[in-house]
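Source file: work21.cif. Holds: mmCIF, C-alpha atoms.
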```
data_structure
loop_
_atom_site.label_atom_id
_atom_site.label_comp_id
_atom_site.auth_asym_id
_atom_site.auth_seq_id
_atom_site.Cartn_x
_atom_site.Cartn_y
_atom_site.Cartn_z
CA MET B 795 88.07 -30.64 53.11
CA THR B 796 91.43 -29.25 54.27
CA GLU B 797 92.51 -29.11 57.89
CA ALA B 798 92.39 -25.30 57.84
CA GLN B 799 88.69 -25.47 56.99
CA ALA B 800 87.92 -28.19 59.53
CA ARG B 801 84.94 -27.36 61.75
CA LYS B 802 83.14 -29.05 64.59
CA LEU B 803 79.46 -29.09 63.77
CA LYS B 804 76.67 -29.55 66.28
CA VAL B 805 73.79 -31.03 64.34
CA SER B 806 70.41 -31.27 66.01
CA VAL B 807 68.09 -33.62 64.14
CA TYR B 808 64.35 -34.22 64.54
CA ARG B 809 63.76 -37.84 65.48
CA TYR B 810 60.48 -39.69 65.50
CA ASN B 811 59.72 -43.33 64.98
CA PRO B 812 55.95 -43.79 65.47
CA ASP B 813 56.47 -47.50 66.24
CA LYS B 814 58.78 -46.70 69.15
CA ASP B 815 58.46 -43.09 70.26
CA ASN B 816 55.53 -41.52 72.08
CA LYS B 817 56.45 -38.10 70.73
CA PRO B 818 59.13 -36.51 68.55
CA TYR B 819 62.41 -35.31 70.07
CA MET B 820 65.59 -33.58 68.91
CA GLN B 821 68.81 -35.59 68.92
CA SER B 822 72.18 -33.90 68.88
CA TYR B 823 75.21 -35.15 66.93
CA ASP B 824 78.75 -33.81 66.88
CA VAL B 825 80.33 -33.97 63.46
CA ASP B 826 83.94 -33.22 62.57
CA THR B 827 83.92 -31.90 59.00
CA GLN B 828 87.27 -33.66 58.39
CA LEU B 829 85.31 -36.89 58.39
CA VAL B 830 82.81 -35.57 55.83
CA ASN B 831 83.46 -36.85 52.34
CA GLY B 832 81.86 -34.00 50.40
CA GLN B 833 80.77 -30.39 50.68
CA MET B 834 77.07 -30.65 51.20
CA LEU B 835 74.75 -31.10 54.18
CA LEU B 836 73.66 -34.47 52.80
CA ASP B 837 77.25 -35.65 53.26
CA VAL B 838 77.03 -34.62 56.92
CA LEU B 839 73.87 -36.72 57.28
CA HIS B 840 75.72 -39.68 55.80
CA VAL B 841 78.46 -39.31 58.43
CA ILE B 842 75.79 -39.21 61.15
CA ARG B 843 74.15 -42.33 59.73
CA VAL B 844 77.42 -44.25 59.88
CA ASP B 845 77.29 -43.86 63.67
CA ASP B 846 73.52 -44.03 63.94
CA PRO B 847 72.00 -46.25 61.24
CA THR B 848 68.50 -45.66 62.67
CA LEU B 849 68.37 -42.11 61.27
CA GLY B 850 65.87 -41.98 58.41
CA PHE B 851 66.05 -39.54 55.47
CA ARG B 852 65.37 -39.75 51.74
CA GLN B 853 67.99 -39.23 49.07
CA SER B 854 68.59 -40.35 45.53
CA CYS B 855 70.46 -38.34 42.90
CA ARG B 856 72.58 -36.28 45.35
CA GLU B 857 72.70 -33.34 42.92
CA GLY B 858 69.45 -31.39 43.20
CA VAL B 859 67.62 -33.14 40.39
CA CYS B 860 65.36 -35.72 42.05
CA GLY B 861 64.01 -33.55 44.86
CA SER B 862 64.05 -36.38 47.41
CA ASP B 863 65.96 -34.76 50.27
CA GLY B 864 63.83 -31.72 50.95
CA MET B 865 64.04 -30.79 54.63
CA ASN B 866 63.88 -27.83 56.97
CA ILE B 867 67.43 -26.60 57.56
CA ASN B 868 67.87 -23.99 60.29
CA GLY B 869 64.26 -22.92 59.79
CA LYS B 870 64.33 -22.72 56.00
CA ASN B 871 63.28 -25.45 53.59
CA GLY B 872 65.91 -26.68 51.15
CA LEU B 873 67.59 -29.69 49.58
CA ALA B 874 70.33 -31.18 51.75
CA CYS B 875 72.28 -32.24 48.66
CA VAL B 876 72.72 -28.69 47.34
CA THR B 877 73.08 -26.93 50.71
CA LYS B 878 76.78 -26.22 51.19
CA ILE B 879 78.30 -26.85 54.62
CA VAL B 880 80.35 -23.63 54.33
CA ASP B 881 77.15 -21.62 54.07
CA LEU B 882 75.83 -23.03 57.36
CA PRO B 883 76.77 -22.04 60.93
CA ASN B 884 78.37 -24.60 63.25
CA LYS B 885 75.03 -25.23 64.93
CA ILE B 886 72.63 -26.83 62.48
CA THR B 887 69.02 -27.78 63.20
CA ILE B 888 67.34 -30.15 60.78
CA ARG B 889 63.64 -30.93 60.83
CA PRO B 890 61.31 -32.61 58.33
CA LEU B 891 59.39 -30.46 55.83
CA PRO B 892 56.70 -28.66 57.85
CA GLY B 893 52.99 -29.32 57.42
CA LEU B 894 53.19 -32.90 56.17
CA PRO B 895 52.74 -36.00 58.35
CA VAL B 896 56.05 -37.52 59.48
CA VAL B 897 56.60 -41.14 58.45
CA ARG B 898 59.90 -41.37 60.33
CA ASP B 899 62.58 -38.84 61.32
CA LEU B 900 63.14 -36.60 58.24
CA ILE B 901 60.85 -38.63 55.98
CA VAL B 902 57.41 -37.12 55.37
CA ASP B 903 54.27 -38.50 53.77
CA MET B 904 53.97 -36.60 50.47
CA SER B 905 50.51 -38.01 49.53
CA GLN B 906 48.63 -34.74 50.10
CA PHE B 907 51.23 -32.81 48.11
CA TYR B 908 50.85 -35.23 45.17
CA ARG B 909 47.04 -35.12 45.40
CA GLN B 910 47.18 -31.34 44.91
CA TYR B 911 49.62 -31.81 42.02
CA GLU B 912 47.15 -34.24 40.42
CA LYS B 913 44.38 -31.63 40.68
CA ALA B 914 46.43 -29.32 38.43
CA GLU B 915 46.05 -31.98 35.68
CA PRO B 916 49.74 -31.80 34.77
CA TYR B 917 49.52 -33.22 31.26
CA LEU B 918 48.70 -31.84 27.81
CA GLN B 919 45.02 -31.82 26.90
CA ASN B 920 44.11 -31.27 23.27
CA ASP B 921 40.89 -32.38 21.59
CA GLN B 922 42.12 -31.59 18.07
CA PRO B 923 43.12 -34.56 15.86
CA ALA B 924 46.75 -35.48 16.51
CA PRO B 925 49.10 -34.51 13.66
CA ALA B 926 51.07 -37.19 11.82
CA LYS B 927 54.27 -36.57 13.77
CA GLU B 928 54.00 -34.14 16.67
CA ARG B 929 52.46 -30.84 17.78
CA LEU B 930 55.02 -28.21 16.92
CA GLN B 931 55.87 -25.10 18.91
CA SER B 932 57.66 -21.96 17.78
CA PRO B 933 60.81 -21.07 19.76
CA GLU B 934 58.82 -18.14 21.27
CA GLU B 935 56.01 -20.44 22.40
CA ARG B 936 58.54 -22.85 23.89
CA ALA B 937 60.33 -20.01 25.69
CA LYS B 938 57.13 -19.26 27.63
CA LEU B 939 57.58 -22.58 29.49
CA ASP B 940 60.97 -21.52 30.88
CA GLY B 941 60.80 -20.99 34.63
CA LEU B 942 57.77 -23.30 34.86
CA TYR B 943 58.78 -26.74 33.63
CA GLU B 944 61.95 -27.07 35.74
CA CYS B 945 60.11 -27.90 38.98
CA ILE B 946 61.39 -31.13 40.57
CA LEU B 947 58.47 -31.53 43.02
CA CYS B 948 60.67 -31.46 46.11
CA ALA B 949 57.78 -29.77 48.03
CA CYS B 950 60.09 -27.19 49.61
CA CYS B 951 57.80 -24.40 48.35
CA SER B 952 54.39 -25.81 49.27
CA THR B 953 55.54 -26.86 52.74
CA SER B 954 56.90 -23.38 53.45
CA CYS B 955 53.53 -21.82 52.60
CA PRO B 956 51.18 -21.07 55.56
CA SER B 957 48.15 -21.21 53.24
CA PHE B 958 49.16 -24.78 52.37
CA TRP B 959 49.68 -25.62 56.06
CA TRP B 960 46.15 -24.44 56.96
CA ASN B 961 44.33 -25.81 53.89
CA PRO B 962 46.48 -28.54 52.32
CA ASP B 963 43.40 -30.23 50.85
CA LYS B 964 41.83 -27.10 49.33
CA PHE B 965 44.63 -24.70 48.37
CA LEU B 966 46.68 -26.27 45.58
CA GLY B 967 49.97 -24.87 46.85
CA PRO B 968 52.75 -23.17 44.89
CA ALA B 969 54.20 -26.33 43.30
CA ALA B 970 50.87 -27.46 41.81
CA LEU B 971 50.00 -23.92 40.72
CA LEU B 972 53.35 -23.57 38.97
CA GLN B 973 52.40 -26.70 37.01
CA ALA B 974 48.89 -25.35 36.39
CA GLU B 975 50.38 -22.24 34.77
CA ARG B 976 52.88 -24.39 32.83
CA PHE B 977 49.96 -26.13 31.07
CA LEU B 978 47.75 -23.04 30.81
CA ILE B 979 50.46 -21.25 28.87
CA ASP B 980 51.47 -24.21 26.69
CA SER B 981 50.47 -23.53 23.05
CA ARG B 982 49.80 -27.26 22.51
CA ASP B 983 47.13 -27.40 25.22
CA ASN B 984 43.60 -26.20 24.38
CA ALA B 985 41.78 -26.99 27.62
CA THR B 986 42.48 -23.49 28.97
CA GLU B 987 38.85 -22.64 29.71
CA GLU B 988 38.19 -25.93 31.53
CA ARG B 989 41.42 -25.53 33.51
CA LEU B 990 40.50 -21.98 34.55
CA THR B 991 36.95 -23.01 35.51
CA ALA B 992 38.39 -25.76 37.72
CA LEU B 993 40.72 -23.27 39.41
CA ASP B 994 38.11 -20.62 40.19
CA ASP B 995 37.00 -21.32 43.72
CA ALA B 996 37.68 -19.62 47.02
CA TYR B 997 40.73 -21.75 47.83
CA LYS B 998 42.65 -23.35 44.96
CA VAL B 999 44.40 -20.20 43.70
CA PHE B 1000 43.11 -17.31 45.76
CA ARG B 1001 44.31 -18.59 49.13
CA CYS B 1002 47.75 -17.41 48.01
CA ARG B 1003 48.52 -14.17 49.86
CA SER B 1004 51.73 -13.52 47.87
CA ILE B 1005 54.06 -13.71 50.87
CA MET B 1006 56.66 -15.30 48.56
CA ASN B 1007 58.01 -17.93 50.98
CA CYS B 1008 57.89 -20.27 47.96
CA VAL B 1009 60.21 -18.02 45.94
CA ASP B 1010 62.56 -17.68 48.90
CA VAL B 1011 63.08 -21.42 49.32
CA CYS B 1012 62.88 -22.87 45.78
CA PRO B 1013 66.18 -24.73 45.23
CA LYS B 1014 65.75 -24.36 41.46
CA GLY B 1015 65.32 -20.56 41.68
CA LEU B 1016 61.76 -20.67 40.30
CA ASN B 1017 59.05 -18.12 41.00
CA PRO B 1018 55.68 -19.73 41.83
CA THR B 1019 54.26 -16.39 43.04
CA LYS B 1020 54.72 -14.96 39.53
CA ALA B 1021 52.99 -18.03 38.05
CA ILE B 1022 50.09 -17.65 40.51
CA ALA B 1023 49.77 -13.96 39.57
CA ALA B 1024 49.63 -15.01 35.89
CA ILE B 1025 46.82 -17.51 36.65
CA ARG B 1026 44.96 -14.84 38.60
CA GLU B 1027 45.29 -12.46 35.66
CA LYS B 1028 43.87 -15.09 33.29
CA LEU B 1029 40.96 -15.69 35.70
CA ILE B 1030 40.27 -11.94 35.82
CA GLN B 1031 40.34 -11.73 32.03
CA GLU B 1032 37.92 -14.65 31.73
CA GLY B 1033 35.69 -13.68 34.62
CA THR B 1034 35.21 -9.93 34.13
CA MET A 312 34.02 -28.77 45.26
CA VAL A 313 31.00 -27.71 47.33
CA LYS A 314 29.97 -24.12 46.66
CA VAL A 315 31.21 -21.86 49.44
CA VAL A 316 28.20 -20.01 50.80
CA THR A 317 29.71 -17.93 53.57
CA SER A 318 32.27 -16.05 51.46
CA LEU A 319 31.12 -12.72 50.06
CA GLY A 320 31.35 -13.53 46.37
CA SER A 321 31.30 -17.37 46.56
CA THR A 322 34.35 -17.56 44.28
CA GLY A 323 37.92 -16.57 44.95
CA LEU A 324 37.91 -14.26 41.95
CA ALA A 325 34.85 -12.30 43.16
CA ASP A 326 36.29 -11.95 46.67
CA TRP A 327 39.66 -10.90 45.28
CA ILE A 328 38.10 -8.20 43.09
CA VAL A 329 35.85 -6.97 45.93
CA GLN A 330 38.86 -6.68 48.22
CA ARG A 331 40.93 -4.70 45.67
CA PHE A 332 38.05 -2.45 44.57
CA THR A 333 37.03 -1.59 48.14
CA ALA A 334 40.69 -0.98 49.03
CA ILE A 335 40.88 1.64 46.27
CA LEU A 336 37.70 3.38 47.52
CA ILE A 337 39.01 3.39 51.11
CA ALA A 338 42.39 4.75 49.94
CA LEU A 339 40.72 7.57 47.95
CA TYR A 340 38.62 8.51 50.99
CA VAL A 341 41.68 8.52 53.25
CA ILE A 342 43.52 10.77 50.77
CA PHE A 343 40.53 13.14 50.73
CA MET A 344 40.43 13.27 54.53
CA VAL A 345 44.20 13.86 54.77
CA VAL A 346 43.87 16.78 52.33
CA TYR A 347 40.88 18.08 54.32
CA PHE A 348 42.84 17.97 57.58
CA PHE A 349 45.77 19.64 55.83
CA ILE A 350 43.49 22.52 54.80
CA HIS A 351 41.64 22.55 58.15
CA PRO A 352 44.24 21.43 60.71
CA ASN A 353 41.90 22.02 63.68
CA PRO A 354 38.36 21.85 62.31
CA THR A 355 35.75 23.57 64.43
CA TYR A 356 32.39 21.95 65.11
CA SER A 357 30.70 24.13 62.49
CA GLU A 358 33.32 23.26 59.81
CA TRP A 359 32.96 19.56 60.58
CA SER A 360 29.16 19.87 60.64
CA THR A 361 29.16 21.76 57.32
CA LEU A 362 31.30 19.08 55.71
CA PHE A 363 28.94 16.29 56.75
CA SER A 364 25.73 18.22 56.07
CA ASN A 365 26.50 17.80 52.37
CA ASN A 366 24.57 14.80 51.06
CA TRP A 367 27.41 13.86 48.69
CA MET A 368 29.81 13.69 51.64
CA ARG A 369 27.35 11.56 53.59
CA THR A 370 26.79 9.24 50.64
CA CYS A 371 30.52 8.89 49.93
CA THR A 372 31.21 8.24 53.62
CA PHE A 373 28.48 5.59 53.68
CA VAL A 374 29.92 3.94 50.56
CA VAL A 375 33.33 3.88 52.27
CA PHE A 376 31.77 2.39 55.43
CA LEU A 377 30.17 -0.27 53.24
CA SER A 378 33.55 -0.87 51.54
CA ILE A 379 35.28 -1.26 54.91
CA ILE A 380 32.64 -3.78 55.97
CA MET A 381 32.92 -5.80 52.74
CA HIS A 382 36.73 -5.61 52.85
CA ALA A 383 36.76 -6.69 56.48
CA TRP A 384 34.39 -9.59 55.83
CA VAL A 385 36.49 -10.98 52.97
CA GLY A 386 39.63 -10.74 55.12
CA LEU A 387 38.08 -12.13 58.29
CA TRP A 388 36.35 -14.94 56.38
CA ILE A 389 39.76 -15.99 55.04
CA VAL A 390 41.34 -15.80 58.52
CA SER A 391 38.45 -17.75 60.10
CA THR A 392 38.57 -20.51 57.47
CA ASP A 393 42.35 -20.73 57.90
CA TYR A 394 42.49 -21.03 61.66
CA LEU A 395 39.09 -22.25 62.90
CA LYS A 396 38.79 -25.86 61.84
CA HIS A 397 35.97 -26.83 64.21
CA LEU A 398 32.69 -26.29 62.32
CA ALA A 399 30.60 -25.02 65.25
CA VAL A 400 33.33 -22.63 66.46
CA ARG A 401 33.88 -21.32 62.92
CA LEU A 402 30.17 -20.72 62.30
CA ILE A 403 29.67 -18.99 65.66
CA VAL A 404 32.67 -16.71 65.07
CA GLN A 405 31.56 -15.98 61.50
CA MET A 406 28.02 -15.14 62.65
CA ALA A 407 29.44 -12.90 65.40
CA ILE A 408 31.58 -11.09 62.81
CA ILE A 409 28.60 -10.67 60.45
CA PHE A 410 26.36 -9.25 63.20
CA THR A 411 29.11 -6.90 64.40
CA LEU A 412 29.79 -5.62 60.89
CA LEU A 413 26.07 -5.19 60.13
CA GLY A 414 25.68 -3.41 63.47
CA CYS A 415 28.49 -1.04 62.47
CA LEU A 416 26.74 -0.41 59.15
CA VAL A 417 23.44 0.46 60.82
CA TRP A 418 25.30 2.63 63.34
CA SER A 419 27.06 4.47 60.49
CA ILE A 420 23.64 5.29 58.96
CA GLU A 421 22.47 6.63 62.31
CA ILE A 422 25.62 8.74 62.69
CA LEU A 423 25.54 10.13 59.14
CA TRP A 424 21.83 10.84 58.81
CA GLY A 425 20.91 11.05 62.48
CA LEU A 426 17.97 8.70 62.00
#
```
Rewrite the coordinates I just gave you, this time as C-alpha cells.
Amino acid sequence: MTEAQARKLKVSVYRYNPDKDNKPYMQSYDVDTQLVNGQMLLDVLHVIRVDDPTLGFRQSCREGVCGSDGMNINGKNGLACVTKIVDLPNKITIRPLPGLPVVRDLIVDMSQFYRQYEKAEPYLQNDQPAPAKERLQSPEERAKLDGLYECILCACCSTSCPSFWWNPDKFLGPAALLQAERFLIDSRDNATEERLTALDDAYKVFRCRSIMNCVDVCPKGLNPTKAIAAIREKLIQEGT
Amino acid sequence: MVKVVTSLGSTGLADWIVQRFTAILIALYVIFMVVYFFIHPNPTYSEWSTLFSNNWMRTCTFVVFLSIIMHAWVGLWIVSTDYLKHLAVRLIVQMAIIFTLLGCLVWSIEILWGL
C-alpha cells in the first residue's frame, strides 16, 4: 500500500471469551494501513493479532474458497479475505456471524448450520444399477448445476436470514436449500420424490419469505432465493 | 417432524397456496370497490344499501371476509411461531387470534345478512 493511500483505521471488534468474560464487549484497535501487508480485511485482522494474540478468528485459504472467515462486517455478512480495505470506511465494526453461538470472539459454533445442511441430504441418490464406468450427463444437464454447486458453506447467507435466526432447527436456511435444489435438479439423482416429500412441511422451505438477504451477502454471487423458488415450484407441481 | 396442527393447512405448501389464493380474491374485491367508488364517489345510503341487498354482493363480500381471515391466520401463525418461543404464551396468543378472527367472521355474517 503506497503512502498516498495510507489510512488510519479504527476497528471495533466483538470480543468474548466465555472462560474469562461475563459478557461480550467491543474492543477498539487503531490500525495504520501502511503496516498492513495486503489489501483485504483479513490482513487488517492479522495486524491486530500481532499486537493482541488473544483475538480469535478462523481463516484458512485466504482467497474466498474455504469459507472459514465469514463474519459480520459493518452490519453485513461477508468473508474477511475477499473484503477489500479500500471498499470500507475508516471506522470498521466486526462482529461474529449473527444467530450462531459464539465459541470465542469471531469464532462461531457452526453445528446447527451443518445439521441443516445434512438434512438436505447433499449427496447423489440413485437406486438404479451403477453403470460400468460412471453416470453420464449431457452438457445441458450439467449446465443446470451452475449457480448451485459453487457454494462454499461459509454460512454468510443462512446467518443473515431472520427466518434462520428464529427457527434454526426447523427452517433449513438458504445454504442447505441451495444444496437441496442442486441435488433435486441433478439428472443423475432419482430420489426427487423422496426429497420433495421430506421438504414439504411448514418450516423447511416455506419459512423463506424471499427477503433476499442471502443473495445480498453471498460472497460467491449465488442466488439461494431463486433456488428456493425452484423448490417451491417443484412442490407445487407435485402437490397440486 | 411432528405434524403441525395449528397451521391452517398443516403443510407449508397448503399454507402458501392458501395465502396466495386468498390474496388474489382480496385484490379482486379491492379493485371492484375502487371501481365502484370511482363510479359513485359519494354513495348515498340508498346506493350503498342497494349494492349490499344483492345476494351475490353479500356472498362475494363474505367470501372475501373469509379470505382475509384465512390469510391473516396463516400470516399471524407464522409470526407467532417465529417470535413466541414459550409454549404457553404462544398457545394463548394463537387461541386469542383464532377467537378474534372467528368473532370477526360471525360479526361479518351479522352485518351482511342482519341476522
*Please determine the contact residues of chain B with respect to chain A at a cut-off of 7 Å, counting all atoms listed in the file, and supply them as a list in words.*
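The contacting residues on chain B are Trp960, Asn961, Asp994, Asp995, Ala996, Tyr997, Phe1000 and Ile1030 of chain B.
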*Neighbours of stretch 828-838 of chain B within 9 Å (only C-alpha atoms; same-chain residues fewer than 4 positions away dropped), as a list of chain:residue names?*
B:Met795, B:Thr796, B:Glu797, B:Gln799, B:Ala800, B:Arg801, B:Lys802, B:Val805, B:Ile842, B:Arg843, B:Gln853, B:Arg856, B:Asp863, B:Leu873, B:Ala874, B:Cys875, B:Val876, B:Thr877, B:Lys878, B:Ile879, B:Val880, B:Leu882
Expected file contents, prior selection, C-alpha atoms, as a PDB file, in the frame of the given file:
```pdb
ATOM      1  CA  MET B 795      88.070 -30.640  53.110  1.00  0.00           C
ATOM      2  CA  THR B 796      91.430 -29.250  54.270  1.00  0.00           C
ATOM      3  CA  GLU B 797      92.510 -29.110  57.890  1.00  0.00           C
ATOM      4  CA  GLN B 799      88.690 -25.470  56.990  1.00  0.00           C
ATOM      5  CA  ALA B 800      87.920 -28.190  59.530  1.00  0.00           C
ATOM      6  CA  ARG B 801      84.940 -27.360  61.750  1.00  0.00           C
ATOM      7  CA  LYS B 802      83.140 -29.050  64.590  1.00  0.00           C
ATOM      8  CA  VAL B 805      73.790 -31.030  64.340  1.00  0.00           C
ATOM      9  CA  ILE B 842      75.790 -39.210  61.150  1.00  0.00           C
ATOM     10  CA  ARG B 843      74.150 -42.330  59.730  1.00  0.00           C
ATOM     11  CA  GLN B 853      67.990 -39.230  49.070  1.00  0.00           C
ATOM     12  CA  ARG B 856      72.580 -36.280  45.350  1.00  0.00           C
ATOM     13  CA  ASP B 863      65.960 -34.760  50.270  1.00  0.00           C
ATOM     14  CA  LEU B 873      67.590 -29.690  49.580  1.00  0.00           C
ATOM     15  CA  ALA B 874      70.330 -31.180  51.750  1.00  0.00           C
ATOM     16  CA  CYS B 875      72.280 -32.240  48.660  1.00  0.00           C
ATOM     17  CA  VAL B 876      72.720 -28.690  47.340  1.00  0.00           C
ATOM     18  CA  THR B 877      73.080 -26.930  50.710  1.00  0.00           C
ATOM     19  CA  LYS B 878      76.780 -26.220  51.190  1.00  0.00           C
ATOM     20  CA  ILE B 879      78.300 -26.850  54.620  1.00  0.00           C
ATOM     21  CA  VAL B 880      80.350 -23.630  54.330  1.00  0.00           C
ATOM     22  CA  LEU B 882      75.830 -23.030  57.360  1.00  0.00           C
TER      23      LEU B 882
END
```
*Using all atoms listed in the file, which residues sit within 9 Å of B:Ala974 once same-chain residues fewer than 2 positions away are excluded, as a PyMOL selection string?*
chain B and resi 911+913-916+969-972+976-979+989+993+1021-1022+1025
*Of the candidates B:Leu966, B:Cys860, B:Cys948, B:Ala1023, which one gets nearest to B:Ser1004 if we count all atoms listed in the file?*
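With all atoms listed in the file as the atom set, the closest residue is B:Ala1023.
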*Find the residue from B:Cys855, B:Val896, B:Asn868, B:Gly861 that sits nearest to B:Lys817; use only C-alpha atoms when measuring.*
B:Val896
*Can you tell me how far atom CA of A:Ala334 sits from atom CA of B:Ile1005, in Å to one decimal?*
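Straight-line distance from atom CA of A:Ala334 to atom CA of B:Ile1005 works out to 18.6 Å.
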*asked:* One decimal, in Å: what's the spacing between atom CA of A:Tyr347 and atom CA of A:Leu413?
replied: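 Straight-line distance from atom CA of A:Tyr347 to atom CA of A:Leu413 works out to 28.2 Å.
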_At a cut-off of 10 Å around the point (31.3, -15.9, 61.9) (file coordinates), what residues fall inside when counting all atoms listed in the file? I'd like the answer as a count of residues only._
19
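Pairwise distance (atom CA of B:Leu942, atom CA of B:Cys1008) equals 13.4 Å.
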Put the listed atoms of stretch 967-983 of chain B in a box along x, y and z with 8 Å added on every side and give me the centre and edge lengths in Å to one decimal, as lines of an AutoDock Vina configuration file.
```
center_x = 50.7
center_y = -24.4
center_z = 34.7
size_x = 23.1
size_y = 22.2
size_z = 40.3
```
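Selection result for the displayed file, with the PyMOL selection byres ((chain B and resi 807) around 7) as criterion, is B:Val805, B:Ser806, B:Tyr808, B:Arg809, B:Met820, B:Gln821, B:Ser822, B:Thr887, B:Ile888, B:Arg889.
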Take the selection from the previous step and output its residues with C-alpha atoms, as a PDB file, keeping the file's coordinate frame.
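Result went into selection12.pdb, see below:
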```pdb
ATOM      1  CA  VAL B 805      73.790 -31.030  64.340  1.00  0.00           C
ATOM      2  CA  SER B 806      70.410 -31.270  66.010  1.00  0.00           C
ATOM      3  CA  TYR B 808      64.350 -34.220  64.540  1.00  0.00           C
ATOM      4  CA  ARG B 809      63.760 -37.840  65.480  1.00  0.00           C
ATOM      5  CA  MET B 820      65.590 -33.580  68.910  1.00  0.00           C
ATOM      6  CA  GLN B 821      68.810 -35.590  68.920  1.00  0.00           C
ATOM      7  CA  SER B 822      72.180 -33.900  68.880  1.00  0.00           C
ATOM      8  CA  THR B 887      69.020 -27.780  63.200  1.00  0.00           C
ATOM      9  CA  ILE B 888      67.340 -30.150  60.780  1.00  0.00           C
ATOM     10  CA  ARG B 889      63.640 -30.930  60.830  1.00  0.00           C
TER      11      ARG B 889
END
```
_For the provided coordinates, the residues matched by the PyMOL selection byres ((chain B and resi 902-906) around 12) should be stated as a ChimeraX atom specification._
/B:808-811,850-852,861-866,889-901,907-913,947-950,952-953,958-959,961-967,970
Go ahead and dump the residues you just picked, C-alpha atoms, as a compact mmCIF listing (two decimals), in the coordinates of the input.
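That gives us out.txt:
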```txt
# COMPACT_ATOMS: atom_id res chain seq x y z
CA TYR B 808 64.35 -34.22 64.54
CA ARG B 809 63.76 -37.84 65.48
CA TYR B 810 60.48 -39.69 65.50
CA ASN B 811 59.72 -43.33 64.98
CA GLY B 850 65.87 -41.98 58.41
CA PHE B 851 66.05 -39.54 55.47
CA ARG B 852 65.37 -39.75 51.74
CA GLY B 861 64.01 -33.55 44.86
CA SER B 862 64.05 -36.38 47.41
CA ASP B 863 65.96 -34.76 50.27
CA GLY B 864 63.83 -31.72 50.95
CA MET B 865 64.04 -30.79 54.63
CA ASN B 866 63.88 -27.83 56.97
CA ARG B 889 63.64 -30.93 60.83
CA PRO B 890 61.31 -32.61 58.33
CA LEU B 891 59.39 -30.46 55.83
CA PRO B 892 56.70 -28.66 57.85
CA GLY B 893 52.99 -29.32 57.42
CA LEU B 894 53.19 -32.90 56.17
CA PRO B 895 52.74 -36.00 58.35
CA VAL B 896 56.05 -37.52 59.48
CA VAL B 897 56.60 -41.14 58.45
CA ARG B 898 59.90 -41.37 60.33
CA ASP B 899 62.58 -38.84 61.32
CA LEU B 900 63.14 -36.60 58.24
CA ILE B 901 60.85 -38.63 55.98
CA PHE B 907 51.23 -32.81 48.11
CA TYR B 908 50.85 -35.23 45.17
CA ARG B 909 47.04 -35.12 45.40
CA GLN B 910 47.18 -31.34 44.91
CA TYR B 911 49.62 -31.81 42.02
CA GLU B 912 47.15 -34.24 40.42
CA LYS B 913 44.38 -31.63 40.68
CA LEU B 947 58.47 -31.53 43.02
CA CYS B 948 60.67 -31.46 46.11
CA ALA B 949 57.78 -29.77 48.03
CA CYS B 950 60.09 -27.19 49.61
CA SER B 952 54.39 -25.81 49.27
CA THR B 953 55.54 -26.86 52.74
CA PHE B 958 49.16 -24.78 52.37
CA TRP B 959 49.68 -25.62 56.06
CA ASN B 961 44.33 -25.81 53.89
CA PRO B 962 46.48 -28.54 52.32
CA ASP B 963 43.40 -30.23 50.85
CA LYS B 964 41.83 -27.10 49.33
CA PHE B 965 44.63 -24.70 48.37
CA LEU B 966 46.68 -26.27 45.58
CA GLY B 967 49.97 -24.87 46.85
CA ALA B 970 50.87 -27.46 41.81
```
